[in-house]
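The next block is query-v5.cif, given as mmCIF, C-alpha atoms.
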```cif
data_query
#
loop_
_atom_site.label_atom_id
_atom_site.label_comp_id
_atom_site.auth_asym_id
_atom_site.auth_seq_id
_atom_site.Cartn_x
_atom_site.Cartn_y
_atom_site.Cartn_z
CA MET F 13 132.63 29.46 110.36
CA LEU F 14 129.19 30.08 108.87
CA ALA F 15 128.78 30.74 105.16
CA ALA F 16 125.80 31.81 103.08
CA THR F 17 125.21 29.78 99.92
CA PRO F 18 123.38 30.70 96.69
CA MET F 19 119.59 30.50 96.76
CA GLY F 20 119.43 29.57 93.11
CA ASP F 21 121.88 31.50 90.96
CA ILE F 22 125.32 29.93 91.25
CA GLY F 23 126.84 33.29 90.34
CA ASP F 24 125.92 34.58 93.80
CA ALA F 25 128.56 32.38 95.42
CA SER F 26 131.32 34.52 96.92
CA GLN F 27 135.02 33.94 96.47
CA ARG F 28 135.26 33.53 100.24
CA LEU F 29 132.74 30.69 100.09
CA ARG F 30 134.77 28.99 97.36
CA ASP F 31 137.96 29.33 99.38
CA ALA F 32 136.30 28.04 102.55
CA LEU F 33 134.80 24.98 100.84
CA GLY F 34 138.21 24.04 99.50
CA SER F 35 140.19 24.61 102.69
CA ALA F 36 137.96 23.70 105.68
CA ASP F 37 138.96 20.68 107.72
CA ILE F 38 135.30 19.78 108.21
CA VAL F 39 132.26 20.87 106.19
CA ALA F 40 129.02 20.50 108.16
CA ALA F 41 126.24 20.53 105.56
CA GLU F 42 122.47 20.52 105.84
CA ASP F 43 122.42 18.21 102.80
CA THR F 44 125.78 16.68 101.95
CA ARG F 45 124.71 15.83 98.39
CA ARG F 46 123.66 19.39 97.62
CA THR F 47 126.85 20.78 99.11
CA ARG F 48 129.01 18.42 97.04
CA ALA F 49 126.99 19.39 93.95
CA LEU F 50 127.50 23.08 94.79
CA ALA F 51 131.25 22.59 95.14
CA LYS F 52 131.40 20.74 91.82
CA ALA F 53 129.45 23.51 90.09
CA LEU F 54 131.88 26.05 91.53
CA GLY F 55 134.88 24.03 90.41
CA VAL F 56 135.99 23.52 94.01
CA GLU F 57 137.40 20.31 95.46
CA ILE F 58 136.34 19.69 99.06
CA THR F 59 139.42 18.23 100.71
CA GLY F 60 138.04 18.13 104.26
CA ARG F 61 135.59 15.72 105.85
CA VAL F 62 131.92 16.31 104.96
CA ILE F 63 129.26 15.50 107.56
CA SER F 64 125.51 16.02 107.69
CA PHE F 65 124.17 18.81 109.87
CA TYR F 66 120.38 19.04 109.54
CA ASP F 67 117.64 19.79 112.07
CA HIS F 68 117.28 16.30 113.55
CA VAL F 69 121.01 15.72 114.11
CA GLU F 70 122.14 19.26 114.87
CA ALA F 71 122.05 18.97 118.66
CA ALA F 72 123.88 15.64 118.62
CA ARG F 73 126.62 16.91 116.26
CA VAL F 74 127.43 20.12 118.16
CA PRO F 75 129.62 18.72 121.00
CA ALA F 76 131.99 16.88 118.68
CA LEU F 77 132.23 19.81 116.28
CA THR F 78 133.01 22.30 119.03
CA ASP F 79 135.71 19.90 120.24
CA GLU F 80 137.20 19.95 116.74
CA ILE F 81 137.20 23.76 116.74
CA ALA F 82 138.80 23.82 120.19
CA ALA F 83 141.52 21.53 118.80
CA GLY F 84 142.34 24.11 116.13
CA ARG F 85 140.47 22.69 113.16
CA THR F 86 138.35 24.80 110.82
CA VAL F 87 134.67 23.84 110.66
CA LEU F 88 132.55 25.32 107.86
CA LEU F 89 128.78 25.21 108.35
CA VAL F 90 126.55 25.62 105.29
CA THR F 91 122.86 25.04 104.62
CA ASP F 92 121.06 24.22 101.38
CA ALA F 93 120.52 27.87 100.48
CA GLY F 94 120.91 31.25 102.11
CA MET F 95 122.22 32.10 105.56
CA PRO F 96 122.64 29.47 108.31
CA SER F 97 120.66 30.07 111.51
CA VAL F 98 117.92 31.98 109.64
CA SER F 99 115.18 29.30 109.72
CA ASP F 100 117.96 26.80 109.03
CA PRO F 101 120.43 24.88 111.23
CA GLY F 102 123.23 26.88 112.82
CA TYR F 103 121.93 28.61 115.93
CA ARG F 104 122.85 25.80 118.33
CA MET F 105 126.35 25.60 116.89
CA VAL F 106 126.97 29.33 117.30
CA ALA F 107 125.56 29.34 120.85
CA ALA F 108 127.78 26.41 121.83
CA CYS F 109 130.88 28.10 120.44
CA VAL F 110 130.05 31.33 122.26
CA ALA F 111 129.55 29.41 125.50
CA ARG F 112 133.00 27.83 125.14
CA GLY F 113 134.71 31.04 124.10
CA LEU F 114 135.49 29.76 120.61
CA ASP F 115 135.84 32.12 117.67
CA VAL F 116 132.91 32.29 115.24
CA THR F 117 132.91 34.15 111.95
CA CYS F 118 130.45 34.45 109.09
CA LEU F 119 130.97 34.74 105.35
CA PRO F 120 128.06 36.97 104.26
CA GLY F 121 125.99 36.35 101.19
CA PRO F 122 122.53 35.53 99.87
CA SER F 123 119.49 35.73 102.15
CA ALA F 124 115.86 35.41 101.09
CA VAL F 125 114.86 37.74 103.93
CA THR F 126 116.84 40.79 102.88
CA THR F 127 116.34 40.09 99.16
CA ALA F 128 112.55 40.03 99.57
CA LEU F 129 112.59 43.17 101.71
CA ALA F 130 114.59 45.03 99.08
CA LEU F 131 112.26 43.94 96.26
CA SER F 132 108.99 44.51 98.11
CA GLY F 133 108.64 48.19 97.34
CA LEU F 134 107.42 48.74 100.90
CA PRO F 135 108.90 50.83 103.73
CA VAL F 136 111.32 48.34 105.29
CA ASP F 137 113.74 50.55 107.18
CA ARG F 138 112.46 48.70 110.25
CA PHE F 139 111.29 45.09 110.00
CA CYS F 140 110.73 41.87 111.92
CA PHE F 141 111.33 38.34 110.68
CA ASP F 142 108.96 35.61 111.84
CA GLY F 143 110.35 32.50 110.15
CA PHE F 144 107.62 30.23 108.76
CA ALA F 145 104.00 31.19 109.30
CA PRO F 146 102.23 28.73 111.68
CA ARG F 147 100.79 25.75 109.84
CA LYS F 148 97.52 25.35 111.73
CA ALA F 149 94.74 27.84 111.01
CA GLY F 150 94.06 28.70 114.65
CA GLN F 151 97.70 29.33 115.47
CA ARG F 152 98.14 31.28 112.25
CA LYS F 153 95.26 33.60 113.15
CA GLU F 154 96.65 34.15 116.64
CA TRP F 155 100.01 35.05 115.12
CA LEU F 156 98.43 37.45 112.64
CA HIS F 157 96.61 39.20 115.48
CA THR F 158 100.00 40.01 117.01
CA LEU F 159 100.83 41.90 113.80
CA SER F 160 97.69 44.06 113.90
CA ALA F 161 99.47 47.03 115.45
CA GLU F 162 103.07 46.09 114.58
CA PRO F 163 104.58 49.23 112.99
CA ARG F 164 107.49 47.33 111.40
CA ALA F 165 107.21 45.49 108.11
CA CYS F 166 107.02 41.74 108.67
CA VAL F 167 108.79 39.19 106.47
CA PHE F 168 108.09 35.47 106.71
CA PHE F 169 108.23 32.23 104.77
CA GLU F 170 105.18 30.23 103.68
CA ALA F 171 104.63 26.91 101.93
CA PRO F 172 103.03 27.33 98.47
CA HIS F 173 100.07 25.07 99.27
CA ARG F 174 99.20 27.18 102.35
CA LEU F 175 99.79 30.60 100.82
CA ALA F 176 96.22 31.31 99.70
CA ASP F 177 94.75 30.50 103.13
CA CYS F 178 97.46 32.50 104.88
CA LEU F 179 96.87 35.58 102.73
CA ALA F 180 93.10 35.29 103.14
CA ASP F 181 93.48 35.19 106.93
CA ALA F 182 95.91 38.11 106.77
CA ALA F 183 93.46 40.17 104.74
CA ASP F 184 90.69 39.39 107.21
CA ILE F 185 92.70 40.16 110.34
CA LEU F 186 95.13 42.88 109.20
CA GLY F 187 92.79 44.52 106.70
CA GLY F 188 92.37 43.87 103.01
CA ASP F 189 94.00 47.20 102.16
CA ARG F 190 97.28 46.43 103.95
CA ARG F 191 100.00 46.28 101.30
CA ALA F 192 102.24 43.26 100.82
CA ALA F 193 104.55 41.50 98.38
CA VAL F 194 104.85 37.81 97.59
CA CYS F 195 108.33 36.89 96.39
CA ARG F 196 108.66 33.54 94.64
CA GLU F 197 111.76 31.59 93.59
CA LEU F 198 114.15 34.44 94.42
CA THR F 199 117.30 34.54 92.22
CA LYS F 200 116.07 31.53 90.25
CA THR F 201 114.95 31.21 86.63
CA TYR F 202 111.28 31.79 87.39
CA GLU F 203 111.69 34.55 89.97
CA GLU F 204 108.47 36.49 90.46
CA VAL F 205 107.44 39.33 92.77
CA VAL F 206 103.73 40.08 93.03
CA ARG F 207 102.81 43.28 94.86
CA GLY F 208 99.41 44.56 95.94
CA THR F 209 97.00 44.69 98.85
CA LEU F 210 96.43 41.61 100.97
CA ALA F 211 92.96 41.27 99.45
CA GLU F 212 94.38 41.36 95.92
CA LEU F 213 97.15 38.91 96.73
CA ALA F 214 94.76 36.51 98.47
CA GLU F 215 92.61 36.44 95.34
CA TRP F 216 95.68 35.96 93.12
CA ALA F 217 96.97 33.04 95.20
CA VAL F 218 93.75 31.03 94.89
CA ALA F 219 94.83 29.81 91.45
CA GLY F 220 97.84 28.11 93.04
CA VAL F 221 101.49 29.04 93.46
CA ARG F 222 104.66 26.99 93.19
CA GLY F 223 108.18 27.36 94.48
CA GLU F 224 109.80 28.82 97.58
CA ILE F 225 107.78 31.72 98.96
CA THR F 226 108.82 34.76 101.00
CA VAL F 227 106.13 37.26 102.01
CA VAL F 228 106.60 40.86 103.11
CA VAL F 229 103.68 42.64 104.79
CA GLU F 230 103.55 46.38 105.36
CA GLY F 231 103.71 47.57 108.95
CA ALA F 232 100.61 48.97 110.65
CA ARG F 233 99.95 52.57 109.76
CA PRO F 234 100.46 55.18 112.52
CA GLY F 235 97.52 56.14 114.69
CA ALA F 236 95.87 54.64 117.75
CA ALA F 237 93.28 51.98 117.04
CA ASP F 238 89.65 52.63 117.86
CA PRO F 239 88.50 50.08 120.49
CA ALA F 240 85.22 49.67 118.58
CA GLU F 241 87.21 48.43 115.58
CA LEU F 242 88.77 45.69 117.69
CA VAL F 243 85.55 44.19 119.03
CA ALA F 244 85.37 41.52 116.33
CA GLN F 245 88.90 40.34 117.15
CA VAL F 246 88.02 40.03 120.85
CA GLU F 247 84.84 38.10 120.05
CA GLU F 248 86.82 35.74 117.82
CA ARG F 249 89.27 35.01 120.63
CA ALA F 250 86.38 34.57 123.08
CA ALA F 251 84.64 32.16 120.68
CA ALA F 252 87.85 30.11 120.65
CA GLY F 253 87.48 29.58 124.41
CA LEU F 254 89.29 32.52 126.00
CA ARG F 255 87.60 34.40 128.85
CA LEU F 256 86.24 37.73 127.63
CA LYS F 257 88.48 39.73 129.95
CA ASP F 258 91.53 37.76 128.90
CA ALA F 259 90.66 38.14 125.22
CA SER F 260 90.21 41.89 125.70
CA ALA F 261 93.53 42.15 127.51
CA GLU F 262 95.36 40.20 124.79
CA ILE F 263 94.02 42.26 121.88
CA ALA F 264 94.42 45.53 123.79
CA ALA F 265 98.08 44.80 124.49
CA VAL F 266 98.78 44.15 120.81
CA ALA F 267 96.79 47.16 119.55
CA GLY F 268 98.09 49.55 122.19
CA VAL F 269 94.68 50.58 123.55
CA SER F 270 93.18 50.59 127.03
CA ARG F 271 92.14 47.13 128.20
CA ARG F 272 89.18 48.61 130.11
CA GLU F 273 88.03 50.68 127.14
CA LEU F 274 88.17 47.67 124.85
CA TYR F 275 86.32 45.45 127.34
CA ASP F 276 83.63 48.12 127.73
CA ALA F 277 83.36 48.43 123.94
CA VAL F 278 82.74 44.69 123.64
CA LEU F 279 80.04 44.77 126.29
CA ALA F 280 78.41 47.77 124.61
CA ALA F 281 78.43 45.98 121.26
CA ARG F 282 76.79 42.92 122.84
CA ARG F 283 74.09 45.05 124.47
CA SER F 284 73.42 46.78 121.18
CA ALA F 285 73.15 43.46 119.33
CA ASN F 286 70.62 42.14 121.87
CA ARG F 287 68.21 45.05 121.60
#
```
The structure given in the file should be rewritten as structure tokens.
Amino acid sequence: MLAATPMGDIGDASQRLRDALGSADIVAAEDTRRTRALAKALGVEITGRVISFYDHVEAARVPALTDEIAAGRTVLLVTDAGMPSVSDPGYRMVAACVARGLDVTCLPGPSAVTTALALSGLPVDRFCFDGFAPRKAGQRKEWLHTLSAEPRACVFFEAPHRLADCLADAADILGGDRRAAVCRELTKTYEEVVRGTLAELAEWAVAGVRGEITVVVEGARPGAADPAELVAQVEERAAAGLRLKDASAEIAAVAGVSRRELYDAVLAARRSANR
């Protein structure tokens, strides 16, 4: 059994979560101390066995836990905040139960992803979730290039000390006028949602931001890209060591334009620059 836990406001805990914490035979927790503190705050006594279930032990814990479920015991899996499996432990456990034909259920509740989408003020009827933005600048830029022509809104997590650089790269690659929202400390005392263009948000973030960050970026606007507008992206990929044809093919696939037309546009731009 998976269960979502409050992201900050204890009042978001469901009655089903309370019942499950008090009745489960085993509580598998990302942080056992935080889970015990949560139960105490909710006035719930955990009568079952509490074990740790964080990233580095998840794979090792799964076989024994699935054996417990097969034996008829109830296992409750909770993370520090929000929904298990969404950038938190849980996926391996669910996959293992499915593989063994064991029943899996989920007690719905708080999620930073859907909360940020709802608060963003952007069209989010279709969206993609990309977990945490890549830490390294080169990988982050490659990832942002894949969003250049993505029509769905994109929601992702970012560390506060990397937010300014991430937004600056996003403004450079996706366009400074692309709209976005930075959601900070959702459901907590100092909750804040800052909305604007990527250029505006990048400038705002330079002063420094604290707390847990969720970012929502508007999807690409309809309309086929002009190959000439993609030349700089191809040259950037080529400068990073990719063959020109491969760089053209990569950017063309993301932008939905002809690979040949984009390659020709790059060559034409080079000829023009050399005159």
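Residues with any atom within 7 Å of Val206 (chain F), counting only C-alpha atoms and excluding same-chain neighbours fewer than 3 positions away, are Ala193, Val194 and Cys195 of chain F.
Ranking F:Glu241, F:Asp67, F:Asp184, F:Glu204 by their shortest atom-to-atom distance to His157 (chain F), with all atoms listed in the file included, puts F:Asp184 first.
For the pair CA of Ala244 (chain F) and CA of Glu215 (chain F), the separation is 22.8 Å.
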Using all atoms listed in the file, which of the listed residues (F:Cys140, F:Met13, F:Ala183, F:Ala128) sits closest to Met105 (chain F)? F:Met13
Resolved residues for the PyMOL selection byres ((chain F and resi 69-80) around 12) as a PyMOL selection string: chain F and resi 13+36-43+61-68+81-89+91+97+100-116
Might you spell out which residues the PyMOL selection byres ((chain F and resi 266-277) around 7) would select in the displayed file, as a ChimeraX atom specification? /F:158,160-161,237,239-240,243,257,260-265,278-281
On this file, the PyMOL selection byres ((chain F and resi 187) around 9) gives some set of residues; write that set as an NGL selection string. :F and (160 or 182-186 or 188-190 or 209-211)
Output, as lines of an AutoDock Vina configuration file, the centre and edge lengths in Å (one decimal) of the axis-aligned box that contains all listed atoms of region 97-107 of chain F with 5 Å of margin on each side.
```
center_x = 121.1
center_y = 28.4
center_z = 114.9
size_x = 21.8
size_y = 17.1
size_z = 21.8
```
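Nearest residue to Thr59 (chain F), choosing from F:Val125, F:Ala251, F:Val98, F:Leu33 and counting only C-alpha atoms: F:Leu33.
With distances taken from (134.9, 27.6, 96.9) and restricted to only C-alpha atoms, the residues inside 8 Å are Ser26, Gln27, Arg28, Leu29, Arg30, Asp31, Ala32, Leu33, Gly34, Ala51, Leu54, Gly55, Val56 and Glu57 of chain F.
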State, in Å with one decimal place, the distance from CA of Val90 (chain F) to CA of Leu50 (chain F). 10.8 Å
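For region 225-228 of chain F, the list of residues within 9 Å, based on all atoms listed in the file and with local chain neighbours fewer than 2 positions off taken out, reads F:Ala124, F:Val125, F:Ala128, F:Leu129, F:Ser132, F:Leu134, F:Ala165, F:Cys166, F:Val167, F:Phe168, F:Phe169, F:Glu170, F:Ala171, F:Pro172, F:Leu175, F:Arg191, F:Ala192, F:Ala193, F:Val194, F:Cys195, F:Arg196, F:Glu197, F:Leu198, F:Val221, F:Arg222, F:Gly223, F:Glu230.
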To one decimal in Å, tell me the separation between CA of Arg45 (chain F) and CA of Ile58 (chain F). 12.3 Å
Counting only C-alpha atoms, note down every residue that has an atom within 10 Å of the point (109.5, 46.2, 111.2) (file coordinates), as a compact mmCIF listing (two decimals) with C-alpha atoms, keeping the file's coordinate frame.
```txt
# COMPACT_ATOMS: atom_id res chain seq x y z
CA PRO F 135 108.90 50.83 103.73
CA VAL F 136 111.32 48.34 105.29
CA ASP F 137 113.74 50.55 107.18
CA ARG F 138 112.46 48.70 110.25
CA PHE F 139 111.29 45.09 110.00
CA CYS F 140 110.73 41.87 111.92
CA PHE F 141 111.33 38.34 110.68
CA GLU F 162 103.07 46.09 114.58
CA PRO F 163 104.58 49.23 112.99
CA ARG F 164 107.49 47.33 111.40
CA ALA F 165 107.21 45.49 108.11
CA CYS F 166 107.02 41.74 108.67
CA VAL F 167 108.79 39.19 106.47
CA VAL F 229 103.68 42.64 104.79
CA GLU F 230 103.55 46.38 105.36
CA GLY F 231 103.71 47.57 108.95
CA ALA F 232 100.61 48.97 110.65
```
Best match for closeness to Arg249 (chain F) among F:Arg46, F:Glu154, F:Ala15, F:Glu203, counting only C-alpha atoms: F:Glu154
Residue among F:Ala53, F:Pro120, F:Leu179, F:Thr126 lying closest to Ala149 (chain F), counting all atoms listed in the file: F:Leu179
